$ cat input_19.txt   # compact mmCIF, C-alpha atoms
# COMPACT_ATOMS: atom_id res chain seq x y z
CA MET W 1 29.16 64.33 21.97
CA ALA W 2 32.77 64.20 20.76
CA LYS W 3 33.57 67.50 22.53
CA MET W 4 32.02 66.25 25.76
CA ALA W 5 34.01 63.01 25.63
CA ALA W 6 37.23 64.90 24.90
CA SER W 7 36.72 67.19 27.89
CA MET W 8 36.21 64.17 30.13
CA VAL W 9 39.42 62.56 28.94
CA GLU W 10 41.30 65.77 29.68
CA SER W 11 39.89 65.90 33.19
CA GLY W 12 40.94 62.28 33.79
CA GLU W 13 37.43 61.21 34.73
CA ASP W 14 35.62 58.00 33.89
CA VAL W 15 34.28 58.90 30.43
CA PHE W 16 31.74 56.11 30.28
CA ARG W 17 30.30 56.97 33.68
CA LYS W 18 29.95 60.63 32.71
CA MET W 19 28.18 59.70 29.47
CA PHE W 20 25.92 57.32 31.38
CA LYS W 21 24.90 60.10 33.76
CA PHE W 22 24.44 62.54 30.87
CA TYR W 23 21.86 60.30 29.16
CA LYS W 24 20.24 59.26 32.42
CA ARG W 25 19.53 62.77 33.69
CA ARG W 26 15.93 63.99 33.81
CA ASP W 27 16.24 67.74 34.25
CA PRO W 28 17.22 69.02 31.81
CA PRO W 29 16.72 66.00 29.52
CA PRO W 30 19.74 65.09 27.37
CA ASP W 31 20.18 66.17 23.79
CA LEU W 32 19.59 63.04 21.66
CA ARG W 33 20.73 64.48 18.33
CA GLY W 34 24.01 62.55 18.49
CA VAL W 35 22.32 59.20 19.18
CA ILE W 36 22.33 56.78 16.24
CA ASP W 37 18.85 55.64 15.18
CA PHE W 38 19.07 52.59 12.92
CA SER W 39 15.32 52.65 12.23
CA GLY W 40 15.79 55.71 10.01
CA GLU W 41 18.79 56.68 7.91
CA PRO W 42 21.84 56.18 10.17
CA PRO W 43 24.91 58.36 9.51
CA THR W 44 27.06 56.87 6.76
CA ASP W 45 30.29 58.08 8.38
CA LYS W 46 29.66 55.78 11.36
CA VAL W 47 27.46 53.00 9.98
CA ALA W 48 27.76 50.58 7.06
CA PRO W 49 25.64 47.66 5.83
CA ALA W 50 26.55 44.37 7.52
CA HIS W 51 26.97 41.22 5.46
CA LEU W 52 24.61 38.39 6.39
CA ASP W 53 24.50 34.81 5.15
CA ALA W 54 20.99 34.64 3.69
CA ALA W 55 21.57 31.10 2.47
CA ALA W 56 22.17 29.86 6.04
CA VAL W 57 18.51 30.31 7.04
CA SER W 58 15.61 29.33 4.81
CA ASP W 59 12.54 31.54 4.60
CA ALA W 60 10.52 28.77 6.27
CA GLU W 61 12.99 28.48 9.17
CA ALA W 62 12.90 32.25 9.68
CA ALA W 63 9.11 32.45 9.56
CA ARG W 64 8.81 29.57 12.01
CA VAL W 65 10.19 31.84 14.77
CA GLY W 66 8.54 35.03 13.52
CA LEU W 67 11.39 36.44 11.42
CA GLN W 68 11.34 37.96 7.96
CA PRO W 69 13.46 36.33 5.24
CA VAL W 70 17.10 37.16 5.98
CA ARG W 71 17.51 38.93 2.63
CA GLU W 72 15.01 41.55 3.86
CA TRP W 73 16.78 42.30 7.16
CA ARG W 74 18.27 45.76 7.60
CA ALA W 75 21.61 44.92 9.23
CA PHE W 76 24.39 47.36 10.06
CA SER W 77 27.96 47.37 11.30
CA LEU W 78 29.47 50.20 13.34
CA GLN W 79 32.78 51.83 12.50
CA GLY W 80 35.40 51.03 15.13
CA PHE W 81 33.48 48.06 16.52
CA PRO W 82 34.44 44.91 14.58
CA GLY W 83 32.01 42.07 15.25
CA PHE W 84 29.09 44.29 16.27
CA ILE W 85 25.92 43.86 14.20
CA PHE W 86 22.68 45.79 14.64
CA ILE W 87 19.57 44.33 12.96
CA SER W 88 16.67 46.76 12.82
CA ASN W 89 13.49 44.84 13.72
CA PRO W 90 13.78 41.72 11.52
CA PHE W 91 10.53 40.32 12.95
CA LEU W 92 7.36 39.70 10.98
CA ARG W 93 4.47 42.02 11.78
CA GLY W 94 2.34 40.46 14.51
CA SER W 95 5.09 38.25 15.95
CA HIS W 96 6.28 40.57 18.76
CA PRO W 97 3.31 39.69 21.01
CA PHE W 98 4.32 36.02 21.12
CA TRP W 99 7.78 36.86 22.44
CA ILE W 100 6.43 39.47 24.85
CA ARG W 101 3.99 36.91 26.25
CA GLN W 102 6.79 34.36 26.61
CA CYS W 103 8.83 36.89 28.62
CA LEU W 104 5.90 37.70 30.91
CA LYS W 105 3.95 34.46 31.19
CA THR W 106 6.20 31.51 30.35
CA TYR W 107 9.85 32.27 31.05
CA PRO W 108 9.36 33.51 34.65
CA GLN W 109 7.85 30.12 35.58
CA LYS W 110 9.79 27.70 37.73
CA PRO W 111 12.34 26.14 37.55
CA ASN W 112 13.67 29.40 36.11
CA VAL W 113 15.00 31.94 38.61
CA CYS W 114 14.01 35.59 39.10
CA ASN W 115 14.93 38.49 41.38
CA LEU W 116 11.75 37.98 43.46
CA ASP W 117 13.10 34.60 44.59
CA LEU W 118 15.69 36.47 46.65
CA HIS W 119 13.14 37.75 49.15
CA MET W 120 9.95 35.73 48.59
CA SER W 121 9.03 32.10 49.18
CA PRO W 122 8.92 29.73 46.17
CA CYS W 123 5.15 29.35 46.43
CA ASP W 124 4.72 33.13 46.13
CA THR W 125 6.80 33.30 42.94
CA GLN W 126 5.42 30.14 41.34
CA ASP W 127 3.08 31.88 38.88
CA LEU W 128 3.66 35.63 38.62
CA TRP W 129 1.35 35.89 35.63
CA ALA W 130 -1.68 34.40 37.41
CA LYS W 131 -1.13 36.66 40.41
CA SER W 132 -0.77 39.80 38.26
CA ALA W 133 -3.05 39.31 35.25
CA PRO W 134 -6.40 40.23 36.88
CA VAL W 135 -5.06 43.63 37.96
CA LEU W 136 -3.33 44.40 34.66
CA ARG W 137 -6.41 43.28 32.75
CA SER W 138 -8.68 45.63 34.66
CA PRO W 139 -9.24 49.02 33.00
CA SER W 140 -10.36 50.43 36.36
CA SER W 141 -6.94 49.93 37.97
CA GLY W 142 -5.89 53.31 39.28
CA LYS W 143 -2.57 55.04 38.83
CA ASN W 144 -1.82 54.75 42.57
CA ARG W 145 -2.51 51.03 42.89
CA PRO W 146 0.30 48.82 44.26
CA LYS W 147 2.65 47.26 41.71
CA THR W 148 1.83 43.75 40.58
CA LEU W 149 4.50 41.04 40.86
CA LEU W 150 5.10 41.27 37.12
CA GLU W 151 5.79 44.98 37.54
CA LYS W 152 8.28 44.15 40.30
CA LEU W 153 10.10 41.70 38.06
CA HIS W 154 13.64 42.87 37.26
CA TRP W 155 15.36 39.80 35.83
CA VAL W 156 14.91 36.12 35.00
CA THR W 157 17.66 33.60 34.20
CA LEU W 158 17.26 30.64 31.85
CA GLY W 159 19.40 27.58 31.18
CA TYR W 160 22.58 27.85 33.22
CA HIS W 161 21.54 30.28 35.95
CA TYR W 162 23.93 33.17 36.41
CA ASN W 163 25.20 33.54 39.98
CA TRP W 164 25.21 37.27 40.74
CA ASP W 165 27.51 36.84 43.77
CA SER W 166 30.30 34.75 42.23
CA LYS W 167 29.64 36.03 38.68
CA THR W 168 29.83 32.46 37.37
CA TYR W 169 27.75 29.66 35.93
CA SER W 170 27.85 26.08 37.19
CA ALA W 171 26.72 22.66 36.01
CA ASP W 172 24.72 22.20 39.21
CA ASP W 173 22.49 25.24 38.70
CA HIS W 174 20.70 24.58 35.46
CA ALA W 175 17.20 24.34 33.96
CA PRO W 176 16.14 23.23 30.47
CA PHE W 177 16.60 26.04 27.96
CA PRO W 178 13.36 27.04 26.16
CA ALA W 179 13.20 25.38 22.74
CA ASP W 180 11.51 28.36 21.07
CA LEU W 181 14.11 30.88 22.23
CA HIS W 182 16.90 28.49 21.25
CA SER W 183 15.44 28.18 17.76
CA LEU W 184 15.18 31.97 17.39
CA SER W 185 18.77 32.40 18.55
CA VAL W 186 20.09 29.71 16.21
CA GLN W 187 18.52 31.37 13.16
CA VAL W 188 19.94 34.81 14.03
CA ALA W 189 23.38 33.40 14.87
CA SER W 190 23.49 31.38 11.64
CA ALA W 191 22.56 34.40 9.53
CA CYS W 192 25.36 36.36 11.22
CA GLY W 193 27.99 33.72 10.46
CA PHE W 194 27.88 31.56 13.57
CA PRO W 195 26.50 28.14 12.60
CA GLY W 196 26.20 25.56 15.38
CA PHE W 197 25.40 28.15 18.06
CA ARG W 198 24.14 26.55 21.28
CA SER W 199 21.80 28.60 23.47
CA GLU W 200 22.90 27.61 26.97
CA ALA W 201 22.03 30.60 29.14
CA ALA W 202 19.92 33.74 28.95
CA ILE W 203 19.29 36.74 31.15
CA LEU W 204 16.00 38.56 30.72
CA ASN W 205 15.77 42.13 31.98
CA TYR W 206 12.52 43.99 32.61
CA TYR W 207 12.59 47.79 32.52
CA ARG W 208 10.14 50.37 33.84
CA PRO W 209 10.31 54.05 32.70
CA ASP W 210 12.85 54.99 35.39
CA SER W 211 14.99 51.85 35.12
CA SER W 212 18.55 51.62 33.87
CA LEU W 213 21.32 49.06 33.68
CA GLY W 214 24.86 49.84 34.73
CA ILE W 215 28.18 49.68 32.93
CA HIS W 216 29.43 46.13 32.52
CA VAL W 217 31.18 43.52 30.37
CA ASP W 218 29.66 40.08 29.72
CA GLU W 219 32.72 37.97 30.42
CA SER W 220 31.49 35.12 32.66
CA GLU W 221 30.96 32.69 29.79
CA LEU W 222 33.87 30.29 29.29
CA ASP W 223 33.80 30.61 25.49
CA HIS W 224 34.11 34.17 24.21
CA THR W 225 34.37 33.12 20.56
CA ARG W 226 30.59 32.69 20.38
CA PRO W 227 28.37 35.77 20.06
CA LEU W 228 26.11 37.47 22.57
CA LEU W 229 22.59 37.91 21.13
CA SER W 230 20.21 40.62 22.34
CA PHE W 231 16.46 40.88 21.60
CA SER W 232 14.38 43.90 22.69
CA PHE W 233 10.61 44.43 22.83
CA GLY W 234 8.36 47.24 24.01
CA GLN W 235 9.52 50.75 24.81
CA SER W 236 12.76 52.15 23.38
CA ALA W 237 16.09 52.57 25.15
CA ILE W 238 19.45 54.27 24.80
CA PHE W 239 22.29 51.77 24.52
CA LEU W 240 25.91 52.80 25.12
CA LEU W 241 28.69 50.74 23.56
CA GLY W 242 32.21 51.57 24.72
CA GLY W 243 35.65 50.05 24.51
CA THR W 244 37.82 47.73 26.57
CA ARG W 245 38.46 50.50 29.13
CA ARG W 246 36.14 52.75 31.07
CA GLN W 247 38.08 55.73 29.70
CA ASP W 248 37.01 54.90 26.13
CA PRO W 249 34.10 57.16 25.09
CA PRO W 250 30.98 55.12 24.23
CA THR W 251 28.78 55.41 21.17
CA ALA W 252 25.08 55.99 21.87
CA MET W 253 22.33 54.31 19.84
CA LEU W 254 18.59 53.75 20.12
CA MET W 255 17.02 50.32 20.52
CA HIS W 256 13.39 49.97 19.47
CA SER W 257 10.92 47.11 19.76
CA GLY W 258 12.08 44.13 17.71
CA ASP W 259 15.70 45.28 17.36
CA VAL W 260 18.42 42.66 17.58
CA MET W 261 22.09 43.19 18.46
CA VAL W 262 24.95 40.75 18.03
CA MET W 263 28.23 41.26 19.90
CA SER W 264 31.03 39.05 18.63
CA GLY W 265 34.73 39.07 17.86
CA GLN W 266 36.49 42.18 19.15
CA SER W 267 33.14 43.62 20.30
CA ARG W 268 32.25 40.62 22.46
CA LEU W 269 34.02 41.95 25.58
CA LEU W 270 33.32 45.67 25.37
CA TYR W 271 31.79 47.79 28.11
CA HIS W 272 28.13 48.62 27.53
CA ALA W 273 25.12 49.93 29.45
CA VAL W 274 21.49 51.08 29.23
CA PRO W 275 21.17 54.49 30.94
CA ARG W 276 17.64 55.37 29.91
CA ILE W 277 14.27 54.04 28.78
CA LEU W 278 12.38 56.23 26.29
CA PRO W 279 8.79 56.19 25.08
CA THR W 280 8.61 54.64 21.64
CA PRO W 281 8.97 57.48 19.07
CA ARG W 282 5.54 56.99 17.49
CA GLY W 283 3.68 56.88 20.80
CA HIS W 284 1.91 54.19 22.83
CA ALA W 285 -1.10 53.85 20.52
CA ALA W 286 1.10 53.35 17.46
CA LEU W 287 3.26 50.83 19.32
CA LEU W 288 0.23 48.75 20.28
CA GLU W 289 -1.04 48.94 16.70
CA ASP W 290 2.33 47.71 15.44
CA LEU W 291 2.33 44.92 18.03
CA CYS W 292 -1.18 43.69 17.27
CA PRO W 293 -0.95 39.88 17.49
CA ALA W 294 -1.04 37.77 14.35
CA SER W 295 -4.29 35.92 13.72
CA PRO W 296 -4.38 32.15 14.30
CA GLN W 297 -4.23 31.73 10.52
CA GLU W 298 -1.11 33.92 10.25
CA ALA W 299 0.69 32.47 13.27
CA GLY W 300 2.79 29.50 12.30
CA GLY W 301 5.65 27.32 13.33
CA MET W 302 6.53 27.73 16.98
CA LEU W 303 4.49 30.92 17.44
CA GLU W 304 1.28 29.92 19.17
CA PRO W 305 -1.45 32.56 18.77
CA VAL W 306 -1.75 35.07 21.60
CA SER W 307 -5.28 35.13 22.97
CA GLU W 308 -7.15 38.40 23.36
CA GLU W 309 -7.20 37.83 27.12
CA ASP W 310 -3.42 37.37 27.27
CA TRP W 311 -2.81 40.35 25.01
CA MET W 312 -4.80 42.61 27.34
CA VAL W 313 -2.23 41.82 30.05
CA CYS W 314 0.78 42.14 27.74
CA SER W 315 -0.36 45.43 26.21
CA ALA W 316 -1.09 46.96 29.63
CA TYR W 317 2.42 46.01 30.75
CA ILE W 318 4.33 46.97 27.60
CA GLN W 319 2.79 50.46 27.34
CA LYS W 320 5.29 51.60 29.98
CA SER W 321 7.91 48.86 29.91
CA ARG W 322 10.68 47.24 27.92
CA VAL W 323 11.84 43.63 27.99
CA ASN W 324 15.21 42.39 26.78
CA MET W 325 16.59 38.88 26.32
CA THR W 326 20.32 38.23 26.03
CA VAL W 327 21.25 34.74 24.93
CA ARG W 328 24.71 33.29 25.17
CA GLN W 329 26.65 30.06 24.69
CA VAL W 330 28.55 29.36 27.89
CA LEU W 331 30.82 26.44 26.96
CA GLY W 332 32.91 25.86 23.87
CA ALA W 333 33.53 22.50 22.25
CA GLY W 334 35.14 20.16 24.77
CA GLN W 335 34.92 22.68 27.62
CA SER W 336 33.50 21.89 31.05
CA PHE W 337 32.93 23.88 34.20
CA PRO W 338 35.71 24.17 36.79
CA GLU W 339 35.09 22.69 40.20
CA ALA W 340 32.25 24.58 41.82
CA PRO W 341 33.06 26.90 44.77
CA PRO W 342 31.14 26.50 48.05
CA PRO W 343 27.51 27.66 47.64
CA SER W 344 26.92 31.32 48.42
CA VAL W 345 24.52 32.24 51.20
CA SER W 346 24.12 35.84 50.10
CA ARG W 347 20.63 36.89 49.02
CA THR W 348 21.59 40.30 47.68
CA ASP W 349 20.55 41.34 44.18
CA LYS W 350 23.83 42.34 42.54
CA SER W 351 22.48 42.25 39.01
CA GLY W 352 23.37 45.84 38.14
CA TYR W 353 19.72 46.54 37.42
CA HIS W 354 18.64 49.91 38.81
CA ASP W 355 14.98 50.77 39.27
CA GLY W 356 14.37 54.44 39.91
CA ASP W 357 16.77 56.85 41.55
CA SER W 358 16.73 55.56 45.12
CA GLY W 359 20.28 54.27 44.88
CA LYS W 360 19.37 51.15 46.84
CA ARG W 361 20.72 48.85 44.13
CA LYS W 362 24.33 49.53 43.29
CA ARG W 363 25.21 48.87 39.70
CA SER W 364 27.76 46.15 39.15
CA ASP W 365 30.35 46.30 36.40
CA SER W 366 29.69 42.62 35.81
CA ALA W 367 25.93 42.82 35.35
CA SER W 368 24.75 41.03 32.24
CA GLU W 369 22.54 42.51 29.57
CA THR W 370 22.51 44.34 26.30
$ encode --input "input_19.txt" --output "structure tokens"
Amino acid sequence: MAKMAASMVESGEDVFRKMFKFYKRRDPPPDLRGVIDFSGEPPTDKVAPAHLDAAAVSDAEAARVGLQPVREWRAFSLQGFPGFIFISNPFLRGSHPFWIRQCLKTYPQKPNVCNLDLHMSPCDTQDLWAKSAPVLRSPSSGKNRPKTLLEKLHWVTLGYHYNWDSKTYSADDHAPFPADLHSLSVQVASACGFPGFRSEAAILNYYRPDSSLGIHVDESELDHTRPLLSFSFGQSAIFLLGGTRRQDPPTAMLMHSGDVMVMSGQSRLLYHAVPRILPTPRGHAALLEDLCPASPQEAGGMLEPVSEEDWMVCSAYIQKSRVNMTVRQVLGAGQSFPEAPPPSVSRTDKSGYHDGDSGKRKRSDSASET
């Protein structure tokens, strides 16, 4: 990987773009030997243990949102990226299904906004779950059946809704932020040294096997001193973390189900991207076994038990998909939004999400996800 990056610098090309294309290519598939995998034994010359504040989050507070005690988290820092923390699946066994169901059933509900709102009427996007569940639940659904609305879902925004045209947030475009996701984010932020974190906006991205997300920096928030939190569930992905310039060669790492990333400090405004979705290393059957919902007796706190009927839908979806939630604090103490610009009339999806290789959706450098 180092030789490839060096050759790109010499040729004066966009190093990050070249690396993105390298990992995105299908034939021949890319060599993944240089990709950091935090779920195993990451290379000690690039990775070091990250210090967490275990006293900031009680075991009961962690368990309430489906997390292990902080002292048991496997957290890492990355050489050359101050403020970046990777936490390898800190979730309790059986808690993933709750968050997957929230991403599929609860968070896409109105008044939250999704990509389907750009070209469908509000009544058609009112309950994507109800319109999709019967098909996903049916074992007789053929491979060539039309996609359900859930399978056409690319992104959902929560809290302050991100405006893809102006690349801004505004006080006038806001919905209540989910209490459960806020609580999860607060516990992770506190353990990572950011007490008092306020979850004010989130972007959820939904990936199919041929999806990717383009090179971008999350810079639209008014307060960059607060971290960006990323939660991933389902299939695995390659994540590229670069520098402050597109010419800086990125570091490639794997994200698996349950992994959490925190971008703060000098790493808060770095270029990053998701060029490729990968099947989970242990296979679909093993993933579903790992994700088996907790029993009603085991589920506690905010994690309502996932019914067998709901899990049939979630498991059918997640066998080929990945969901990611990025949570951010938009305003710092005493900050307020500038005067809002005139409302945009554009209905173009400029999210940077790319589904397949059709090229119909151009990736934006200001798309928001990790």
$ residues_around --input "input_19.txt" --residues "W:Asp248" --least-positions-apart "3" --cutoff "7 Å" --atoms "only C-alpha atoms" --output "VMD selection string"
chain W and resid 15 to 16 242 to 243 245
$ closest_residue --input "input_19.txt" --among "W:Leu331, W:Val306, W:Leu213, W:Ala201" --to "W:Phe20" --atoms "all atoms listed in the file"
W:Leu213
$ closest_residue --input "input_19.txt" --among "W:Asp173, W:Glu308, W:Asp27, W:Asp37" --to "W:Phe86" --atoms "all atoms listed in the file"
W:Asp37
$ atom_distance --input "input_19.txt" --atom1 "atom CA of W:Ser307" --atom2 "atom CA of W:Leu136"
15.0 Å
$ atom_distance --input "input_19.txt" --atom1 "atom CA of W:Phe194" --atom2 "atom CA of W:Asp223"
13.3 Å
$ atom_distance --input "input_19.txt" --atom1 "atom CA of W:Ser264" --atom2 "atom CA of W:Ser183"
19.0 Å
$ closest_residue --input "input_19.txt" --among "W:Met302, W:Lys147, W:Ser236, W:Trp129" --to "W:Arg64" --atoms "all atoms listed in the file"
W:Met302
